[in-house]
Amino acid sequence: MLVGTSFYAHAAQSAPQPGPTTEIPRKKMAPKPVHGSAAKSSNATKNEVISVRGQRQQYVGKIPAKDLPQNIQTITGATLEKAGIVKLADALDLVSGVSRQNSYGGLWDSFAVRGFAGDINVPSGYLVNGFNYGRGFGGPVDVSGIERMDVLKGPTSALFGRGEPGGTVNIITKKPQFVPQGSLMFQGGSYNNFRPEADYTTPLTHNFAVRINGAFEDADSFRDTVHTRKYAVTPSFLWQITNNTSASYQFSWKHQEIPFDRGVVALNGRLGAIPNSRFLGEPADGPTKTNDLGHQFQLQHDFNKKWSALFGVGYRTTSLVGYSESPELTAARQPFFVDGRTLSRQRRYTDFHTTDLVLRGEVSGEFSTFGFVHHLLVGADYDDFTYNNYQERFRPPTLASQPTYAQLNAIDIYNPIYLSADGVPATNSVTTNQYEQDKTWGTYLQDHVDITRQIKIRFGGRYDNFEQSIYSRSSQVTGRQHPNAFSPQVGIVYEPIRTVSLYFSYGKGFRANTGSSYYGVPFAPERSKSYEFGAKYTSSDKRVTASVAFFQMYKNNILSADPVNSGYSLAIGTAESKGVEVDVNAYLPYKFRIMADYAYVDAFSTSSTLDPDFGRVVAAGDPLINVPKNSGNVLLFKDFTVFGKNASFGAGVNYVGRRLGQTGTSFYLPSYTLLRFLGSVNVTKSIIVSGEINNVTGKQYYANSYAALWVYPGSPRMFFLRARYKF
């Protein structure tokens with residue numbers, strides 16, 4: 001896969017490798033006649049050698065990163081370990097141009113790349129080993145099984161398809177190795193955090209290896225009464241059937257229990273009226289439970305050194321079930337009742353279930369014509385996704401005189417008194433009862449041509465055929481649509497000197513939307529076009545890498561949070577995003593290492609949207625929610641020795657600018673700057689002790705927002721300490 005910017009992957013511009021290779025002697029089974037020097041070699045040895053390789057990634061050829069016309073960032077597992085990161089959201093904070101979005105009370109991962117996030121009422125799209133993993137409700141990603149994360153910026157729809165124009169996040173999981181190795185880790189920290197991790201891989205035969213890794217986490221929270229429990233396990237095997245054919249399988253299971261938490265409210269648009277620790281839900285609701293069960297099988301055959309075929313099957317089921325409280329407007333369209341402190345809430349029961357079947361095949365190879373070298377990819381894929389969406393609610397009626405808190409399902413934001421399990425109201429009306437099925441098949445072709453050593457061009461295209469049906473069990477009406485799209489892509493790279501490459505790319509994109517509006521109308525697919533121009537630099541000794549990218553993107557049928565009908569999405573028409581990203585990674589003198597990035601992103605609506613009941617809610621020029629214009633991150637490490645032991649100390653600064661907190665309003669989240677310290681020491685060759693302090697200054701900040709009533713606060717000062725044993 002592609003290697004980009006990372007402390008521990010500074011061979012960034014070398015050709016991507018399909019995986020580790022191990023030569024393992026085995027007993028000769030059926031020697032073949034050989035002649036010449038080969039015969040001498042054969043007669044001189046009693047063992048033949050089989051090469052055992054890891055498999056390559058779907059949709060990706062063997063093109064050096066510096067020759068690709070797009071900005072790419074890679075976060076390796078070593079970087080995640082060094083930085084003490086266990087959540088995907090924290091990992092993506094290290095990537096330029098990525099901003100946090102509404103995480104649905106911590107129940108999924110949601111982010112925008114270069115300003116575009118898709119539908120913020122469902123998890124963000126991402127890939128795991130090239131398989132689509134964003135369409136489902138399996139909870140946040142656990143990083144215990146991650147080998148690395150590749151963030152491919154810009155127009156990639158000509159290959160990956162059905163993605164956001166800002167970029168694609170592909171998570172590469174740890175694979176079986178043919179050398180026994182493993183690790184154990186125990187972490188403890190603030191708010192009774194306890195997290196063990198384990199990882200072990202070994203060969204079972206000369207050509208069959210297995211691996212299993214997993215994690216358990218049990219923790220309280222800075223949020224009152226909130227407790228989290230999470231399990232994750234990922235066993236896998238790799239079978240090198242012959243020298244040219246291999247098969248792999250990965251099973252993954254993840255379960256999480258956490259109370260649904262909408263965060264805090266802004267009182268008359270003002271944040272900070274209540275502590276960031278205040279929980280405005282009901283502990284009696286219990287945890288919301290998410291489950292994620294996945295299978296991935298892949299078969300690879302190499303015809304020769306230049307041509308190979310790759311076939312894959314993925315099947316995944318997810319579920320999200322539980323009760324929740326969501327602050328909402330009263331019948332008079334006000335957030336609070338007349339006393340200014342009694343907050344009305346809607347109690348919900350949610351039951352989401354999804355299945356996703358993916359089939360795919362690809363042939364890749366290299367050939368020459370008229371002195372030009374072609375790197376060709378040709379493939380096809382099929383995706384069958386089903387979504388059962390069921391929700392009930394209790395909504396406070398309009399009551400006269402002096403209604404009780406129980407009748408209102410309300411809470412005093414200044415002095416919350418939580419209800420008992422018998423006191424919470426029963427959900428009494430069905431709001432959503434739908435069955436959705438999305439079937440998509442696509443074909444794609446890409447040719448990367450080496451015109452000269454200095455000039456490379458890339459062109460390709462993808463055709464998608466999408467069929468969607470959404471059946472409402474309540475109205476017994478089925479909404480259907482059957483659009484299709486062709487997404488072309490072109491790019492050029494020019495290398496004036498060996499350390500510098502300049503590039504330009506253009507592409508169109510297509511992404512199907514899930515679900516329907518408050519009025520039951522299925523959302524039309526998003527269509528986009530993107531432009532990118534940039535430059536990359538890699539020093540001759542590979543110790544410094546840097547890049548700058550300018551981009552501009554346009555998208556229609558974009559979705560955002562419906563500011564009137566809470567919990568629903570609203571099609572706001574068209575939007576534009578433009579900006580610049582700068583990334584620098586360097587090994588400096590005196591054993592310093594630095595990883596820095598900056599992004600300017602201007603993302604805004606380019607059309608006005610009218611709500612049938614409440615008039616205009618979005619105007620042309622309104623910014624997109626949760627997207628800061630300015631953001632940046634710096635990590636600086638210093639390596640040294642203490643009492644003869646290798647050690648390191650690091651400091652990090654993360655800045656996020658002011659950003660819109662609710663669509664169609666003037667409510668903004670303030671900017672913030674966070675400071676963190678990190679350190680580690682190798683006690684022995686096998687034992688590493690490390691730790692960090694996050695938000696050192698105790699800054700009160702707000703990470704993301706859905707609306708002024710649903711603002712998720714950031715964590716206060718927290719510390720973590722861990723010990724890792726590698727064997």
# chains A, B, ... in the order shown; residues from 1 in each chain; ligands from 1
>>> residues_around(residues="Gly661 in chain A", least_positions_apart="4", cutoff="12 Å", atoms="only C-alpha atoms", output="tab-separated table (two decimals) with all heavy atoms, in the first residue's frame")
chain	number	residue	atom	x	y	z
A	100	ARG	N	-13.45	16.87	13.15
A	100	ARG	CA	-14.40	16.02	13.85
A	100	ARG	C	-15.84	16.45	13.56
A	100	ARG	O	-16.14	17.64	13.52
A	100	ARG	CB	-14.15	16.06	15.35
A	100	ARG	CG	-12.78	15.53	15.77
A	100	ARG	CD	-12.70	15.37	17.25
A	100	ARG	NE	-11.39	14.90	17.68
A	100	ARG	CZ	-11.19	14.12	18.74
A	100	ARG	NH1	-12.24	13.74	19.48
A	100	ARG	NH2	-9.98	13.73	19.08
A	101	GLN	N	-16.71	15.45	13.43
A	101	GLN	CA	-18.13	15.70	13.23
A	101	GLN	C	-18.92	15.05	14.37
A	101	GLN	O	-18.36	14.46	15.29
A	101	GLN	CB	-18.57	15.14	11.88
A	101	GLN	CG	-17.90	15.80	10.68
A	101	GLN	CD	-18.37	17.22	10.45
A	101	GLN	OE1	-19.57	17.49	10.36
A	101	GLN	NE2	-17.43	18.15	10.36
A	102	ASN	N	-20.24	15.17	14.31
A	102	ASN	CA	-21.12	14.60	15.33
A	102	ASN	C	-20.91	13.10	15.43
A	102	ASN	O	-21.05	12.37	14.45
A	102	ASN	CB	-22.57	14.91	14.95
A	102	ASN	CG	-23.56	14.02	15.66
A	102	ASN	OD1	-23.55	13.94	16.88
A	102	ASN	ND2	-24.40	13.34	14.89
A	265	VAL	N	-25.78	21.73	26.63
A	265	VAL	CA	-26.60	22.67	25.86
A	265	VAL	C	-25.99	24.06	25.94
A	265	VAL	O	-25.30	24.42	26.89
A	265	VAL	CB	-28.06	22.71	26.37
A	265	VAL	CG1	-28.71	21.34	26.23
A	265	VAL	CG2	-28.10	23.18	27.82
A	266	ALA	N	-26.26	24.84	24.91
A	266	ALA	CA	-25.89	26.26	24.91
A	266	ALA	C	-27.11	27.05	25.34
A	266	ALA	O	-28.16	26.98	24.69
A	266	ALA	CB	-25.41	26.69	23.53
A	269	GLY	N	-27.72	30.29	23.17
A	269	GLY	CA	-26.57	30.37	22.29
A	269	GLY	C	-25.24	30.54	23.01
A	269	GLY	O	-24.20	30.67	22.36
A	270	ARG	N	-25.25	30.51	24.34
A	270	ARG	CA	-24.03	30.73	25.12
A	270	ARG	C	-23.58	29.43	25.76
A	270	ARG	O	-24.31	28.80	26.53
A	270	ARG	CB	-24.27	31.79	26.20
A	270	ARG	CG	-23.06	32.08	27.08
A	270	ARG	CD	-23.36	33.24	28.03
A	270	ARG	NE	-24.50	32.96	28.89
A	270	ARG	CZ	-24.42	32.33	30.06
A	270	ARG	NH1	-23.24	31.90	30.49
A	270	ARG	NH2	-25.50	32.13	30.79
A	271	LEU	N	-22.33	29.03	25.45
A	271	LEU	CA	-21.75	27.83	26.04
A	271	LEU	C	-21.14	28.16	27.39
A	271	LEU	O	-20.79	29.30	27.67
A	271	LEU	CB	-20.70	27.25	25.11
A	271	LEU	CG	-21.23	26.61	23.82
A	271	LEU	CD1	-20.12	26.44	22.80
A	271	LEU	CD2	-21.89	25.26	24.13
A	560	SER	N	-27.02	17.56	5.53
A	560	SER	CA	-26.59	18.13	6.79
A	560	SER	C	-27.68	17.86	7.82
A	560	SER	O	-28.75	17.33	7.50
A	560	SER	CB	-26.33	19.64	6.66
A	560	SER	OG	-25.77	20.16	7.84
A	561	ALA	N	-27.40	18.22	9.08
A	561	ALA	CA	-28.39	18.03	10.14
A	561	ALA	C	-29.59	18.93	9.89
A	561	ALA	O	-29.45	20.10	9.55
A	561	ALA	CB	-27.77	18.36	11.49
A	563	PRO	N	-32.08	21.30	11.14
A	563	PRO	CA	-32.16	22.09	12.37
A	563	PRO	C	-33.57	22.18	12.94
A	563	PRO	O	-33.75	22.62	14.07
A	563	PRO	CB	-31.66	23.47	11.91
A	563	PRO	CG	-32.03	23.53	10.47
A	563	PRO	CD	-31.87	22.13	9.95
A	622	ASP	N	-23.46	30.06	3.59
A	622	ASP	CA	-23.39	29.55	4.96
A	622	ASP	C	-22.31	28.48	5.05
A	622	ASP	O	-22.24	27.58	4.20
A	622	ASP	CB	-24.73	28.95	5.37
A	622	ASP	CG	-25.78	30.00	5.71
A	622	ASP	OD1	-25.46	31.19	5.62
A	622	ASP	OD2	-26.91	29.61	6.06
A	623	PRO	N	-21.48	28.51	6.10
A	623	PRO	CA	-20.44	27.48	6.23
A	623	PRO	C	-21.04	26.13	6.58
A	623	PRO	O	-22.15	26.04	7.11
A	623	PRO	CB	-19.57	28.02	7.37
A	623	PRO	CG	-20.47	28.90	8.16
A	623	PRO	CD	-21.41	29.52	7.17
A	624	LEU	N	-20.31	25.07	6.28
A	624	LEU	CA	-20.73	23.73	6.64
A	624	LEU	C	-20.39	23.47	8.10
A	624	LEU	O	-19.38	23.96	8.63
A	624	LEU	CB	-20.06	22.69	5.74
A	624	LEU	CG	-20.33	22.84	4.24
A	624	LEU	CD1	-19.74	21.67	3.48
A	624	LEU	CD2	-21.83	22.98	3.94
A	625	ILE	N	-21.21	22.67	8.74
A	625	ILE	CA	-21.10	22.46	10.19
A	625	ILE	C	-19.81	21.74	10.58
A	625	ILE	O	-19.34	20.84	9.87
A	625	ILE	CB	-22.35	21.68	10.67
A	625	ILE	CG1	-22.43	21.66	12.21
A	625	ILE	CG2	-22.38	20.28	10.11
A	625	ILE	CD1	-23.74	21.11	12.74
A	626	ASN	N	-19.22	22.18	11.71
A	626	ASN	CA	-18.07	21.54	12.34
A	626	ASN	C	-16.78	21.59	11.53
A	626	ASN	O	-15.85	20.82	11.80
A	626	ASN	CB	-18.37	20.07	12.68
A	626	ASN	CG	-19.30	19.93	13.86
A	626	ASN	OD1	-19.11	20.54	14.90
A	626	ASN	ND2	-20.33	19.12	13.69
A	627	VAL	N	-16.69	22.47	10.55
A	627	VAL	CA	-15.48	22.55	9.72
A	627	VAL	C	-14.75	23.86	10.02
A	627	VAL	O	-15.22	24.93	9.63
A	627	VAL	CB	-15.83	22.47	8.22
A	627	VAL	CG1	-14.55	22.58	7.38
A	627	VAL	CG2	-16.55	21.16	7.91
A	628	PRO	N	-13.60	23.81	10.69
A	628	PRO	CA	-12.85	25.04	10.96
A	628	PRO	C	-12.11	25.51	9.71
A	628	PRO	O	-11.65	24.68	8.92
A	628	PRO	CB	-11.86	24.61	12.05
A	628	PRO	CG	-11.63	23.16	11.78
A	628	PRO	CD	-12.94	22.62	11.27
A	665	THR	N	-27.88	28.54	11.31
A	665	THR	CA	-27.94	29.48	12.43
A	665	THR	C	-26.62	30.24	12.51
A	665	THR	O	-25.71	30.03	11.70
A	665	THR	CB	-28.16	28.75	13.78
A	665	THR	OG1	-26.98	28.01	14.11
A	665	THR	CG2	-29.33	27.79	13.69
A	666	SER	N	-26.53	31.10	13.52
A	666	SER	CA	-25.28	31.83	13.76
A	666	SER	C	-24.58	31.30	15.01
A	666	SER	O	-23.79	32.01	15.63
A	666	SER	CB	-25.57	33.33	13.93
A	666	SER	OG	-26.49	33.55	14.99
A	667	PHE	N	-24.89	30.06	15.39
A	667	PHE	CA	-24.28	29.46	16.57
A	667	PHE	C	-22.94	28.83	16.18
A	667	PHE	O	-22.87	27.94	15.33
A	667	PHE	CB	-25.19	28.40	17.16
A	667	PHE	CG	-24.56	27.61	18.27
A	667	PHE	CD1	-24.18	28.22	19.46
A	667	PHE	CD2	-24.33	26.24	18.13
A	667	PHE	CE1	-23.58	27.50	20.48
A	667	PHE	CE2	-23.75	25.51	19.14
A	667	PHE	CZ	-23.37	26.15	20.32
A	668	TYR	N	-21.85	29.27	16.84
A	668	TYR	CA	-20.50	28.80	16.53
A	668	TYR	C	-19.84	28.19	17.76
A	668	TYR	O	-20.08	28.63	18.90
A	668	TYR	CB	-19.62	29.94	16.03
A	668	TYR	CG	-19.82	30.27	14.57
A	668	TYR	CD1	-20.90	31.04	14.14
A	668	TYR	CD2	-18.93	29.80	13.60
A	668	TYR	CE1	-21.09	31.34	12.81
A	668	TYR	CE2	-19.11	30.09	12.26
A	668	TYR	CZ	-20.19	30.86	11.87
A	668	TYR	OH	-20.37	31.15	10.54
A	669	LEU	N	-19.00	27.20	17.53
A	669	LEU	CA	-18.14	26.66	18.57
A	669	LEU	C	-16.84	27.45	18.58
A	669	LEU	O	-16.27	27.74	17.53
A	669	LEU	CB	-17.83	25.19	18.32
A	669	LEU	CG	-19.02	24.23	18.21
A	669	LEU	CD1	-18.52	22.80	17.98
A	669	LEU	CD2	-19.88	24.30	19.45
A	670	PRO	N	-16.33	27.80	19.77
A	670	PRO	CA	-15.09	28.59	19.83
A	670	PRO	C	-13.87	27.75	19.46
A	670	PRO	O	-13.87	26.52	19.55
A	670	PRO	CB	-15.04	29.04	21.29
A	670	PRO	CG	-15.80	27.99	22.03
A	670	PRO	CD	-16.89	27.54	21.11
A	671	SER	N	-12.81	28.43	19.05
A	671	SER	CA	-11.55	27.77	18.74
A	671	SER	C	-10.91	27.25	20.03
A	671	SER	O	-11.27	27.66	21.13
A	671	SER	CB	-10.60	28.74	18.05
A	671	SER	OG	-10.28	29.82	18.91
A	702	TYR	N	-14.95	22.42	23.14
A	702	TYR	CA	-16.09	21.67	22.60
A	702	TYR	C	-15.64	21.03	21.29
A	702	TYR	O	-15.22	21.71	20.35
A	702	TYR	CB	-17.29	22.59	22.40
A	702	TYR	CG	-17.67	23.26	23.70
A	702	TYR	CD1	-17.12	24.49	24.06
A	702	TYR	CD2	-18.50	22.61	24.62
A	702	TYR	CE1	-17.42	25.08	25.28
A	702	TYR	CE2	-18.80	23.19	25.84
A	702	TYR	CZ	-18.26	24.42	26.16
A	702	TYR	OH	-18.55	24.99	27.38
A	703	ALA	N	-15.68	19.69	21.26
A	703	ALA	CA	-15.08	18.94	20.17
A	703	ALA	C	-15.93	18.97	18.90
A	703	ALA	O	-15.40	19.07	17.79
A	703	ALA	CB	-14.86	17.49	20.60
A	704	ASN	N	-17.25	18.87	19.03
A	704	ASN	CA	-18.13	18.88	17.87
A	704	ASN	C	-19.54	19.20	18.32
A	704	ASN	O	-19.83	19.24	19.52
A	704	ASN	CB	-18.08	17.55	17.11
A	704	ASN	CG	-18.49	16.38	18.00
A	704	ASN	OD1	-19.66	16.20	18.32
A	704	ASN	ND2	-17.51	15.58	18.40
A	705	SER	N	-20.42	19.39	17.36
A	705	SER	CA	-21.79	19.77	17.69
A	705	SER	C	-22.73	19.28	16.60
A	705	SER	O	-22.35	19.16	15.43
A	705	SER	CB	-21.89	21.29	17.82
A	705	SER	OG	-23.22	21.69	18.05
A	706	TYR	N	-23.94	18.99	17.00
A	706	TYR	CA	-25.02	18.70	16.06
A	706	TYR	C	-25.98	19.89	16.00
A	706	TYR	O	-26.51	20.23	14.96
A	706	TYR	CB	-25.76	17.44	16.49
A	706	TYR	CG	-26.83	16.97	15.55
A	706	TYR	CD1	-26.54	16.03	14.57
A	706	TYR	CD2	-28.13	17.44	15.64
A	706	TYR	CE1	-27.52	15.58	13.70
A	706	TYR	CE2	-29.12	17.01	14.78
A	706	TYR	CZ	-28.82	16.07	13.81
A	706	TYR	OH	-29.79	15.63	12.95
A	707	ALA	N	-26.20	20.49	17.16
A	707	ALA	CA	-27.07	21.66	17.29
A	707	ALA	C	-26.73	22.33	18.61
A	707	ALA	O	-25.97	21.78	19.42
A	707	ALA	CB	-28.54	21.24	17.25
A	708	ALA	N	-27.30	23.50	18.85
A	708	ALA	CA	-27.01	24.23	20.08
A	708	ALA	C	-27.46	23.46	21.32
A	708	ALA	O	-26.94	23.67	22.42
A	708	ALA	CB	-27.69	25.60	20.05
A	709	LEU	N	-28.40	22.54	21.14
A	709	LEU	CA	-28.86	21.70	22.25
A	709	LEU	C	-28.05	20.42	22.37
A	709	LEU	O	-28.19	19.69	23.35
A	709	LEU	CB	-30.33	21.35	22.06
A	709	LEU	CG	-31.33	22.49	22.18
A	709	LEU	CD1	-32.75	21.97	21.98
A	709	LEU	CD2	-31.21	23.20	23.52
A	710	TRP	N	-27.22	20.11	21.38
A	710	TRP	CA	-26.46	18.86	21.36
A	710	TRP	C	-25.00	19.20	21.06
A	710	TRP	O	-24.52	19.04	19.94
A	710	TRP	CB	-26.99	17.91	20.29
A	710	TRP	CG	-28.43	17.50	20.45
A	710	TRP	CD1	-29.25	17.75	21.50
A	710	TRP	CD2	-29.21	16.78	19.49
A	710	TRP	NE1	-30.49	17.22	21.29
A	710	TRP	CE2	-30.50	16.62	20.06
A	710	TRP	CE3	-28.97	16.24	18.25
A	710	TRP	CZ2	-31.53	15.95	19.40
A	710	TRP	CZ3	-29.99	15.57	17.59
A	710	TRP	CH2	-31.26	15.42	18.15
A	711	VAL	N	-24.28	19.66	22.06
A	711	VAL	CA	-22.87	20.04	21.89
A	711	VAL	C	-22.01	19.08	22.71
A	711	VAL	O	-22.24	18.93	23.92
A	711	VAL	CB	-22.62	21.49	22.35
A	711	VAL	CG1	-21.15	21.86	22.17
A	711	VAL	CG2	-23.52	22.45	21.59
A	712	TYR	N	-21.06	18.46	22.06
A	712	TYR	CA	-20.25	17.47	22.78
A	712	TYR	C	-18.97	18.13	23.29
A	712	TYR	O	-18.15	18.60	22.51
A	712	TYR	CB	-19.91	16.27	21.92
A	712	TYR	CG	-19.61	15.06	22.77
A	712	TYR	CD1	-20.64	14.31	23.33
A	712	TYR	CD2	-18.30	14.70	23.07
A	712	TYR	CE1	-20.39	13.23	24.15
A	712	TYR	CE2	-18.04	13.61	23.90
A	712	TYR	CZ	-19.09	12.88	24.43
A	712	TYR	OH	-18.84	11.82	25.25
>>> residues_around(residues="Arg527 in chain A", least_positions_apart="2", cutoff="7 Å", atoms="only C-alpha atoms", output="number ranges by chain")
A: 509-511, 525, 555-556
>>> closest_residue(among="A:Val424, A:Val582, A:Val179, A:Val696", to="Ile72 in chain A", atoms="only C-alpha atoms")
A:Val582
>>> residues_around(residues="range 168-171 of chain A", least_positions_apart="5", cutoff="6 Å", atoms="only C-alpha atoms", output="list in words")
Tyr126, Leu127, Val128, Asn129, Met149, Asp150, Val151 and Leu152 of chain A
>>> residues_around(residues="Asp67 in chain A", least_positions_apart="5", cutoff="10 Å", atoms="only C-alpha atoms", output="list of chain:residue names")
A:Gln13, A:Ser14, A:Ala15, A:His448, A:Asp450, A:Gln454, A:Ile455, A:Lys456, A:Ile457, A:Arg458, A:Ile492, A:Val493, A:Tyr494, A:Glu495, A:Ser501, A:Leu502, A:Tyr503, A:Lys536
>>> write_last_selection(atoms="C-alpha atoms", output="PDB file, in the first residue's frame")
ATOM      1  CA  GLN A  13       8.720   7.587  -1.646  1.00  0.00           C
ATOM      2  CA  SER A  14       9.830   4.002  -2.227  1.00  0.00           C
ATOM      3  CA  ALA A  15       7.688   1.612  -4.198  1.00  0.00           C
ATOM      4  CA  HIS A 448      -0.659   5.013 -14.743  1.00  0.00           C
ATOM      5  CA  ASP A 450       5.492   6.487 -17.219  1.00  0.00           C
ATOM      6  CA  GLN A 454      10.247  12.770 -15.048  1.00  0.00           C
ATOM      7  CA  ILE A 455       6.688  12.722 -16.411  1.00  0.00           C
ATOM      8  CA  LYS A 456       3.887  10.365 -15.340  1.00  0.00           C
ATOM      9  CA  ILE A 457       0.229  10.560 -16.252  1.00  0.00           C
ATOM     10  CA  ARG A 458      -2.755   8.787 -14.750  1.00  0.00           C
ATOM     11  CA  ILE A 492      -0.102  14.302 -14.175  1.00  0.00           C
ATOM     12  CA  VAL A 493       3.140  14.275 -12.207  1.00  0.00           C
ATOM     13  CA  TYR A 494       6.304  16.139 -13.186  1.00  0.00           C
ATOM     14  CA  GLU A 495       9.596  15.557 -11.395  1.00  0.00           C
ATOM     15  CA  SER A 501       7.542  16.249  -7.738  1.00  0.00           C
ATOM     16  CA  LEU A 502       4.726  18.519  -8.918  1.00  0.00           C
ATOM     17  CA  TYR A 503       1.264  17.194  -9.702  1.00  0.00           C
ATOM     18  CA  LYS A 536       6.045  16.883  -2.712  1.00  0.00           C
TER      19      LYS A 536
END
>>> residues_around(residues="range 195-209 of chain A", least_positions_apart="5", cutoff="8 Å", atoms="only C-alpha atoms", output="PyMOL selection string")
chain A and resi 24-26+52+144+176-188+214-218+237-241
>>> write_last_selection(atoms="N, CA, C and O atoms", output="short mmCIF file (atom, residue, chain, number, x, y, z; two decimals), in the first residue's frame")
data_model
loop_
_atom_site.label_atom_id
_atom_site.label_comp_id
_atom_site.auth_asym_id
_atom_site.auth_seq_id
_atom_site.Cartn_x
_atom_site.Cartn_y
_atom_site.Cartn_z
N ILE A 24 11.20 -19.67 3.68
CA ILE A 24 11.14 -20.76 4.64
C ILE A 24 11.56 -22.06 3.94
O ILE A 24 10.94 -22.46 2.95
N PRO A 25 12.61 -22.73 4.43
CA PRO A 25 13.00 -24.00 3.83
C PRO A 25 11.92 -25.05 4.08
O PRO A 25 11.28 -25.09 5.12
N ARG A 26 11.77 -25.93 3.14
CA ARG A 26 10.89 -27.08 3.36
C ARG A 26 11.44 -28.28 2.61
O ARG A 26 12.27 -28.15 1.70
N VAL A 52 7.03 -16.74 1.21
CA VAL A 52 5.73 -16.48 1.82
C VAL A 52 5.55 -14.97 1.93
O VAL A 52 6.33 -14.29 2.56
N SER A 144 -6.43 -1.36 18.25
CA SER A 144 -5.53 -2.43 18.68
C SER A 144 -5.08 -3.32 17.53
O SER A 144 -4.00 -3.89 17.58
N PRO A 176 -1.01 -11.96 9.71
CA PRO A 176 -0.16 -13.04 10.22
C PRO A 176 1.26 -12.94 9.68
O PRO A 176 1.48 -12.56 8.53
N GLN A 177 2.23 -13.30 10.51
CA GLN A 177 3.65 -13.31 10.14
C GLN A 177 4.20 -14.73 10.30
O GLN A 177 3.67 -15.53 11.07
N PHE A 178 5.30 -15.01 9.60
CA PHE A 178 5.90 -16.34 9.66
C PHE A 178 7.09 -16.39 10.61
O PHE A 178 7.91 -17.30 10.55
N VAL A 179 7.17 -15.41 11.49
CA VAL A 179 8.12 -15.41 12.59
C VAL A 179 7.31 -15.20 13.87
O VAL A 179 6.59 -14.21 13.98
N PRO A 180 7.38 -16.11 14.84
CA PRO A 180 6.58 -15.96 16.06
C PRO A 180 6.93 -14.65 16.78
O PRO A 180 8.09 -14.32 16.98
N GLN A 181 5.92 -13.92 17.16
CA GLN A 181 6.11 -12.69 17.91
C GLN A 181 4.78 -12.29 18.55
O GLN A 181 3.71 -12.72 18.12
N GLY A 182 4.87 -11.45 19.58
CA GLY A 182 3.65 -11.02 20.24
C GLY A 182 3.92 -9.90 21.22
O GLY A 182 5.06 -9.46 21.41
N SER A 183 2.85 -9.42 21.82
CA SER A 183 2.97 -8.35 22.81
C SER A 183 1.77 -8.38 23.74
O SER A 183 0.68 -8.84 23.38
N LEU A 184 2.00 -7.88 24.96
CA LEU A 184 0.95 -7.67 25.94
C LEU A 184 1.07 -6.24 26.44
O LEU A 184 2.18 -5.74 26.66
N MET A 185 -0.05 -5.56 26.63
CA MET A 185 -0.04 -4.19 27.10
C MET A 185 -1.13 -4.00 28.13
O MET A 185 -2.24 -4.50 27.98
N PHE A 186 -0.80 -3.25 29.19
CA PHE A 186 -1.78 -2.87 30.20
C PHE A 186 -1.72 -1.36 30.37
O PHE A 186 -0.65 -0.78 30.54
N GLN A 187 -2.90 -0.75 30.32
CA GLN A 187 -3.01 0.70 30.45
C GLN A 187 -3.95 1.05 31.59
O GLN A 187 -4.98 0.42 31.79
N GLY A 188 -3.58 2.08 32.34
CA GLY A 188 -4.44 2.64 33.36
C GLY A 188 -4.36 4.14 33.31
O GLY A 188 -3.40 4.71 32.79
N GLY A 214 -6.46 -8.35 20.18
CA GLY A 214 -7.70 -7.83 20.72
C GLY A 214 -7.45 -6.91 21.89
O GLY A 214 -6.32 -6.70 22.33
N ALA A 215 -8.53 -6.35 22.39
CA ALA A 215 -8.44 -5.40 23.50
C ALA A 215 -9.73 -5.43 24.29
O ALA A 215 -10.81 -5.81 23.79
N PHE A 216 -9.62 -5.03 25.54
CA PHE A 216 -10.76 -4.83 26.43
C PHE A 216 -10.58 -3.48 27.10
O PHE A 216 -9.46 -3.11 27.47
N GLU A 217 -11.66 -2.73 27.23
CA GLU A 217 -11.56 -1.43 27.89
C GLU A 217 -12.74 -1.23 28.82
O GLU A 217 -13.90 -1.49 28.45
N ASP A 218 -12.44 -0.78 30.02
CA ASP A 218 -13.46 -0.49 31.03
C ASP A 218 -13.08 0.84 31.66
O ASP A 218 -11.98 0.99 32.19
N PHE A 237 -5.86 -15.63 9.41
CA PHE A 237 -4.84 -16.57 8.94
C PHE A 237 -4.38 -16.18 7.55
O PHE A 237 -5.08 -15.48 6.81
N LEU A 238 -3.19 -16.64 7.20
CA LEU A 238 -2.61 -16.45 5.87
C LEU A 238 -2.08 -17.79 5.40
O LEU A 238 -1.26 -18.42 6.10
N TRP A 239 -2.53 -18.25 4.24
CA TRP A 239 -2.13 -19.54 3.68
C TRP A 239 -1.45 -19.30 2.34
O TRP A 239 -2.08 -18.84 1.40
N GLN A 240 -0.15 -19.58 2.29
CA GLN A 240 0.58 -19.47 1.03
C GLN A 240 0.45 -20.82 0.33
O GLN A 240 1.21 -21.77 0.56
N ILE A 241 -0.56 -20.93 -0.54
CA ILE A 241 -0.91 -22.22 -1.14
C ILE A 241 0.22 -22.72 -2.03
O ILE A 241 0.62 -23.89 -1.97
#
>>> residues_around(residues="Thr574 in chain A", least_positions_apart="5", cutoff="12 Å", atoms="only C-alpha atoms", output="PyMOL selection string")
chain A and resi 116+526-529+553-560+603-609+618-624
>>> select_by_dssp(residues="range 528-575 of chain A", states="strand (DSSP E)", output="ChimeraX atom specification")
/A:528-538,544-561,569-575
>>> closest_residue(among="A:Thr342, A:Ser236, A:Thr684, A:Asn193", to="Arg722 in chain A", atoms="only C-alpha atoms")
A:Asn193
>>> decode(residues="range 107-111 of chain A", atoms="C-alpha atoms", output="short mmCIF file (atom, residue, chain, number, x, y, z; two decimals), in the first residue's frame")
data_model
loop_
_atom_site.label_atom_id
_atom_site.label_comp_id
_atom_site.auth_asym_id
_atom_site.auth_seq_id
_atom_site.Cartn_x
_atom_site.Cartn_y
_atom_site.Cartn_z
CA LEU A 107 -21.49 5.61 19.30
CA TRP A 108 -19.62 5.91 16.00
CA ASP A 109 -16.78 7.66 14.18
CA SER A 110 -17.62 10.75 12.18
CA PHE A 111 -15.24 13.09 10.38
#
